[in-house]
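**Q** This is query_2.txt (compact mmCIF, C-alpha atoms).
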```txt
# COMPACT_ATOMS: atom_id res chain seq x y z
CA MET A 1 -65.38 60.27 10.48
CA LYS A 2 -62.24 61.36 8.59
CA PRO A 3 -59.63 59.64 6.37
CA GLY A 4 -60.45 56.10 5.42
CA GLY A 5 -63.92 56.31 6.88
CA VAL A 6 -66.17 53.37 7.50
CA ILE A 7 -64.22 50.66 5.67
CA VAL A 8 -61.03 51.42 7.59
CA THR A 9 -62.82 51.16 10.92
CA ILE A 10 -64.42 47.86 9.89
CA SER A 11 -61.08 46.35 8.84
CA ALA A 12 -59.64 47.47 12.20
CA LEU A 13 -62.56 45.76 13.94
CA ILE A 14 -61.89 42.49 12.09
CA SER A 15 -58.19 42.75 12.88
CA GLY A 16 -59.07 43.30 16.55
CA VAL A 17 -61.36 40.27 16.62
CA LEU A 18 -58.61 38.03 15.17
CA PHE A 19 -56.09 39.45 17.63
CA GLY A 20 -58.41 38.82 20.59
CA ILE A 21 -59.11 35.22 19.57
CA GLY A 22 -55.38 34.70 18.96
CA LEU A 23 -54.54 35.90 22.48
CA ILE A 24 -57.01 33.43 24.00
CA VAL A 25 -56.21 30.41 21.79
CA SER A 26 -52.48 30.94 22.41
CA GLY A 27 -52.87 31.02 26.19
CA MET A 28 -51.48 34.57 26.53
CA ALA A 29 -54.76 35.82 27.97
CA ASN A 30 -54.01 33.76 31.08
CA PRO A 31 -51.52 35.50 33.44
CA ALA A 32 -50.59 32.15 35.05
CA LYS A 33 -49.44 30.92 31.64
CA VAL A 34 -47.38 34.07 31.05
CA LEU A 35 -45.71 33.75 34.46
CA GLY A 36 -44.95 30.09 33.67
CA PHE A 37 -43.00 31.38 30.67
CA LEU A 38 -41.19 34.22 32.45
CA GLY A 39 -40.26 31.90 35.33
CA VAL A 40 -37.39 30.31 33.43
CA THR A 41 -35.72 28.90 36.53
CA GLY A 42 -38.81 27.04 37.71
CA ASP A 43 -40.95 24.45 35.96
CA TRP A 44 -40.55 26.35 32.70
CA ASP A 45 -43.41 26.49 30.19
CA PRO A 46 -41.94 27.56 26.81
CA THR A 47 -45.37 28.01 25.14
CA LEU A 48 -45.08 31.78 24.78
CA ALA A 49 -41.98 31.40 22.63
CA PHE A 50 -44.23 29.47 20.25
CA VAL A 51 -46.83 32.25 20.36
CA MET A 52 -44.27 34.86 19.39
CA GLY A 53 -42.73 32.45 16.90
CA GLY A 54 -46.11 31.79 15.28
CA ALA A 55 -46.88 35.50 15.04
CA LEU A 56 -43.48 36.28 13.51
CA LEU A 57 -43.70 33.28 11.16
CA VAL A 58 -46.66 35.06 9.55
CA ALA A 59 -45.72 38.72 10.07
CA VAL A 60 -42.05 38.73 9.02
CA PRO A 61 -42.54 37.46 5.45
CA ALA A 62 -45.83 39.38 5.14
CA PHE A 63 -44.25 42.68 6.22
CA ARG A 64 -41.42 42.08 3.76
CA LEU A 65 -43.97 41.84 0.94
CA ILE A 66 -45.97 44.81 2.27
CA SER A 67 -42.84 46.98 2.39
CA ASP A 68 -42.73 46.86 -1.42
CA ARG A 69 -46.03 48.72 -1.54
CA LYS A 70 -46.22 52.51 -1.80
CA ARG A 71 -49.38 52.70 0.30
CA PRO A 72 -51.71 50.40 2.23
CA ILE A 73 -54.85 49.15 0.47
CA LEU A 74 -57.40 51.28 2.33
CA GLU A 75 -55.44 54.31 3.60
CA LYS A 76 -53.44 57.01 1.84
CA GLU A 77 -50.18 56.18 3.56
CA PHE A 78 -48.43 53.97 6.08
CA ASP A 79 -48.17 55.42 9.57
CA LEU A 80 -44.89 54.08 10.94
CA PRO A 81 -42.62 55.27 13.76
CA GLU A 82 -39.75 57.35 12.41
CA GLU A 83 -37.64 57.39 15.56
CA LYS A 84 -34.47 55.35 15.11
CA ARG A 85 -32.47 56.25 18.23
CA ILE A 86 -32.09 53.79 21.06
CA ASP A 87 -32.72 56.25 23.90
CA THR A 88 -33.33 56.22 27.64
CA ARG A 89 -37.09 56.53 27.25
CA LEU A 90 -37.23 53.39 25.12
CA ILE A 91 -35.13 51.31 27.50
CA ALA A 92 -36.48 52.71 30.79
CA GLY A 93 -40.09 52.47 29.61
CA SER A 94 -39.68 48.92 28.35
CA ALA A 95 -37.87 47.91 31.55
CA LEU A 96 -40.69 49.34 33.72
CA PHE A 97 -43.28 47.61 31.56
CA GLY A 98 -41.39 44.31 31.98
CA VAL A 99 -41.45 44.66 35.79
CA GLY A 100 -45.22 45.20 35.77
CA TRP A 101 -45.64 42.30 33.36
CA GLY A 102 -43.48 40.08 35.58
CA ILE A 103 -45.36 40.80 38.80
CA SER A 104 -48.84 40.43 37.28
CA GLY A 105 -48.57 38.26 34.16
CA PHE A 106 -50.63 40.88 32.30
CA CYS A 107 -49.58 42.91 29.29
CA PRO A 108 -51.99 45.39 27.63
CA GLY A 109 -53.72 43.06 25.11
CA PRO A 110 -54.58 40.30 27.58
CA ALA A 111 -55.69 42.92 30.12
CA VAL A 112 -58.38 44.03 27.65
CA VAL A 113 -59.38 40.50 26.60
CA ALA A 114 -59.54 39.27 30.22
CA LEU A 115 -62.33 41.78 30.86
CA VAL A 116 -64.74 39.44 29.08
CA PRO A 117 -64.78 36.60 31.64
CA VAL A 118 -64.85 39.36 34.28
CA ILE A 119 -68.16 40.59 32.94
CA ALA A 120 -69.52 37.08 33.39
CA GLY A 121 -67.61 36.11 36.53
CA GLY A 122 -67.00 39.43 38.25
CA MET A 123 -63.31 39.31 39.04
CA VAL A 124 -62.23 42.47 40.84
CA LEU A 125 -58.55 41.74 40.32
CA VAL A 126 -58.64 41.99 36.51
CA LEU A 127 -60.63 45.20 36.70
CA ALA A 128 -58.14 46.64 39.20
CA PHE A 129 -55.23 45.87 36.89
CA PHE A 130 -57.04 47.27 33.87
CA ALA A 131 -58.03 50.49 35.66
CA ALA A 132 -54.47 50.98 36.95
CA MET A 133 -53.06 50.38 33.45
CA ILE A 134 -55.37 53.05 32.03
CA ALA A 135 -54.31 55.38 34.86
CA GLY A 136 -50.66 54.71 34.01
CA MET A 137 -51.31 55.62 30.38
CA VAL A 138 -53.13 58.80 31.39
CA LEU A 139 -50.21 59.72 33.69
CA TYR A 140 -47.92 59.32 30.70
CA GLU A 141 -50.06 61.67 28.61
CA ARG A 142 -50.04 64.28 31.39
CA PHE A 143 -46.49 64.17 32.63
CA ALA A 144 -44.10 62.37 30.30
CA MET B 1 -47.40 25.09 36.98
CA GLN B 2 -48.97 25.31 33.55
CA ASP B 3 -48.78 22.63 30.87
CA PHE B 4 -46.69 23.11 27.77
CA THR B 5 -49.10 23.70 24.85
CA PRO B 6 -47.00 24.34 21.74
CA ILE B 7 -49.69 23.67 19.11
CA SER B 8 -52.33 26.03 20.49
CA GLY B 9 -49.52 28.51 21.18
CA LEU B 10 -48.40 28.36 17.56
CA VAL B 11 -51.95 28.55 16.16
CA GLY B 12 -52.89 31.48 18.43
CA GLY B 13 -49.62 33.19 17.57
CA MET B 14 -50.32 32.81 13.85
CA LEU B 15 -53.75 34.41 14.37
CA ILE B 16 -52.02 37.35 16.06
CA GLY B 17 -49.59 37.50 13.12
CA LEU B 18 -52.48 37.44 10.66
CA SER B 19 -54.27 40.24 12.51
CA THR B 20 -51.06 42.30 12.57
CA THR B 21 -50.54 41.68 8.84
CA LEU B 22 -54.10 42.67 7.90
CA LEU B 23 -53.93 45.93 9.86
CA MET B 24 -50.64 46.85 8.16
CA LEU B 25 -51.67 45.76 4.64
CA LEU B 26 -55.15 47.30 4.72
CA ASN B 27 -54.86 50.25 7.12
CA GLY B 28 -51.11 50.84 7.16
CA ARG B 29 -51.19 50.89 10.96
CA ILE B 30 -49.27 49.02 13.64
CA ALA B 31 -51.25 46.55 15.76
CA GLY B 32 -49.74 47.69 19.05
CA ILE B 33 -52.22 47.44 21.88
CA SER B 34 -50.61 49.99 24.19
CA GLY B 35 -50.40 52.47 21.30
CA ILE B 36 -54.01 51.83 20.31
CA VAL B 37 -55.47 52.05 23.82
CA GLY B 38 -53.10 54.86 24.84
CA GLY B 39 -53.94 56.79 21.66
CA LEU B 40 -57.59 56.76 22.71
CA LEU B 41 -56.65 58.52 25.96
CA ARG B 42 -54.82 61.35 24.20
CA ARG B 43 -56.65 64.65 24.35
CA GLY B 44 -57.81 65.91 20.98
CA GLY B 45 -56.35 62.75 19.50
CA ALA B 46 -56.73 61.93 15.83
CA GLU B 47 -57.36 58.46 14.49
CA VAL B 48 -59.86 57.66 17.21
CA TRP B 49 -62.28 55.55 15.21
CA TRP B 50 -60.09 52.71 14.00
CA ARG B 51 -58.45 52.51 17.43
CA ALA B 52 -61.84 52.29 19.11
CA THR B 53 -63.09 49.60 16.74
CA PHE B 54 -59.87 47.59 17.06
CA ALA B 55 -60.18 47.65 20.86
CA THR B 56 -63.85 46.73 20.56
CA GLY B 57 -62.77 43.88 18.26
CA LEU B 58 -60.53 42.49 21.01
CA LEU B 59 -63.56 42.26 23.30
CA LEU B 60 -65.82 40.89 20.55
CA GLY B 61 -63.18 38.27 19.68
CA ALA B 62 -63.12 37.18 23.31
CA LEU B 63 -66.92 37.07 23.43
CA ALA B 64 -67.02 35.09 20.16
CA TYR B 65 -64.56 32.60 21.63
CA VAL B 66 -66.69 32.15 24.76
CA VAL B 67 -69.86 31.65 22.71
CA TRP B 68 -68.11 29.33 20.24
CA ARG B 69 -66.55 27.12 22.92
CA GLY B 70 -69.51 27.40 25.25
CA THR B 71 -67.18 28.07 28.16
CA GLU B 72 -65.05 30.86 29.61
CA PHE B 73 -61.31 30.89 29.00
CA PRO B 74 -58.99 30.71 32.00
CA VAL B 75 -57.73 33.96 33.56
CA GLU B 76 -55.81 32.88 36.65
CA VAL B 77 -54.52 35.82 38.68
CA ALA B 78 -52.12 35.04 41.51
CA ALA B 79 -51.15 38.56 42.58
CA SER B 80 -52.98 40.52 45.29
CA LEU B 81 -55.03 43.62 44.58
CA PRO B 82 -52.43 46.22 45.70
CA VAL B 83 -49.72 44.41 43.71
CA LEU B 84 -51.95 44.40 40.63
CA VAL B 85 -52.54 48.14 40.94
CA VAL B 86 -48.79 48.79 41.04
CA ALA B 87 -48.29 46.38 38.12
CA GLY B 88 -51.01 48.07 36.08
CA LEU B 89 -49.46 51.52 36.62
CA LEU B 90 -46.04 50.19 35.57
CA VAL B 91 -47.43 48.41 32.50
CA GLY B 92 -49.51 51.39 31.35
CA PHE B 93 -46.89 54.07 31.99
CA GLY B 94 -43.90 51.95 30.95
CA ALA B 95 -45.38 50.69 27.68
CA ARG B 96 -46.27 54.26 26.65
CA LEU B 97 -42.88 55.67 27.68
CA GLY B 98 -41.14 52.85 25.81
CA SER B 99 -43.37 53.39 22.74
CA GLY B 100 -44.83 49.90 22.78
CA CYS B 101 -45.44 46.55 24.41
CA THR B 102 -45.41 42.86 23.54
CA SER B 103 -47.50 43.44 20.40
CA GLY B 104 -46.14 46.70 18.99
CA HIS B 105 -42.46 45.96 19.66
CA GLY B 106 -42.51 42.16 20.04
CA VAL B 107 -44.51 41.39 16.89
CA SER B 108 -44.92 44.39 14.55
CA GLY B 109 -41.60 46.04 15.41
CA ILE B 110 -39.55 42.89 15.05
CA ALA B 111 -41.42 42.03 11.81
CA ARG B 112 -40.37 45.49 10.54
CA LEU B 113 -36.81 44.57 11.55
CA SER B 114 -36.70 47.65 13.80
CA LEU B 115 -33.61 47.72 16.02
CA ARG B 116 -35.50 49.84 18.59
CA SER B 117 -38.11 47.11 18.89
CA VAL B 118 -35.52 44.37 19.29
CA VAL B 119 -33.88 46.37 22.10
CA ALA B 120 -37.26 47.06 23.73
CA THR B 121 -38.26 43.39 23.55
CA VAL B 122 -34.98 42.27 25.12
CA ALA B 123 -35.48 44.93 27.83
CA PHE B 124 -39.03 43.95 28.85
CA MET B 125 -38.38 40.22 28.53
CA GLY B 126 -35.25 40.70 30.64
CA THR B 127 -36.91 42.66 33.44
CA GLY B 128 -39.95 40.35 33.24
CA VAL B 129 -37.80 37.25 33.82
CA LEU B 130 -35.81 39.02 36.55
CA THR B 131 -38.97 40.17 38.31
CA VAL B 132 -40.42 36.65 38.41
CA LEU B 133 -37.09 35.38 39.71
CA ILE B 134 -36.94 38.00 42.48
CA ALA B 135 -40.62 37.49 43.34
CA GLY B 136 -39.82 33.80 43.78
CA TRP B 137 -37.09 34.59 46.30
CA VAL B 138 -39.21 37.07 48.21
CA SER B 139 -42.24 34.84 48.63
```
As a first step, turn the structure in this file into structure tokens.

**A**
Amino acid sequence: MKPGGVIVTISALISGVLFGIGLIVSGMANPAKVLGFLGVTGDWDPTLAFVMGGALLVAVPAFRLISDRKRPILEKEFDLPEEKRIDTRLIAGSALFGVGWGISGFCPGPAVVALVPVIAGGMVLVLAFFAAMIAGMVLYERFA
Amino acid sequence: MQDFTPISGLVGGMLIGLSTTLLMLLNGRIAGISGIVGGLLRRGGAEVWWRATFATGLLLGALAYVVWRGTEFPVEVAASLPVLVVAGLLVGFGARLGSGCTSGHGVSGIARLSLRSVVATVAFMGTGVLTVLIAGWVS
């Protein structure tokens, strides 16, 4: 185990736990809820705007404070994307992701979290989505 | 259709924001799920351990919730199996090509005031809304 070591992996675990609980409490782990938000012309459910709003309410001021720091508390340096260009990959990739999100109601986080009731209830559909998502990511690594 | 649940939405969102803040403050890393899961699939990839424990944390958080509430949380899937396979491929490939998803761009990226992330969020929200609209016409 290299840079950061054990403490860094434990803090990532805690962060993951909070994220997972947040996805469930907020309703985002339920594809039907997500589709109720994306279906703006129907019986619109604005909840997901509150989810994003709540997340940004915490993260925007916090990131502003963090940006004054030279380094994070446990690691040697921040690892942030340096790309600034708005390019075709960014827009095409995001657009494709949005189509998949719109037809299923799943984005990557909820697709992981939704595996838990699957283990208890055995839903093939969630597993199929998850497996296909992993395949899509592997295809990206191989070909894009 | 689903009920409007602004309070639990806000509380859950704040938990996501807290998680995102902790990972940046402590580890200096972006809590982007597609980047974290995708990074684990990269051959000879570095930074495997924290990604693996974060992903494990997602599952443990879900398990903790189920144990705490004594009941499963709802996961209602309307799409058919072939549709879900296509959707999964698009989500996995698209989020990696676009360098992020709802978490990495929609929360961390916007909190960093990244223009790329704002553009990406508008793009996937836009095609998401359009897709649901078109799916409504088709069915």

**Q** With distances taken over all atoms listed in the file, which residue among A:Val124, A:Val51, A:Ile10, A:Leu57 lies nearest chain B?

**A** A:Val51

**Q** For the atom pair CA of His105 (chain B) and CA of Arg89 (chain A), what is the interatomic distance in Å to one decimal place?

**A** 14.1 Å

**Q** Determine, counting only C-alpha atoms, which protein, DNA and RNA residues have an atom within 7 Å of an atom of Gly106 (chain B); residues of the same chain fewer than 4 positions away are not included. Present the result as JSON, numbers by chain.

**A** {"B": [101, 102, 110, 117, 121]}

**Q** Rank nothing, just name the residue among A:Ala29, A:Leu13, A:Val6, A:Leu35 nearest to Gly102 (chain A), using only C-alpha atoms.

**A**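 When distances to Gly102 (chain A) are compared using only C-alpha atoms, the smallest one comes from A:Leu35.
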
**Q** Tell me which protein, DNA and RNA residues are within 9 Å of Gly98 (chain A), counting all atoms listed in the file, leaving out same-chain ones fewer than 3 positions away, and put them as a ChimeraX atom specification.

**A** /A:93-95,101-103,107 /B:90-91,94-95,101,123-131
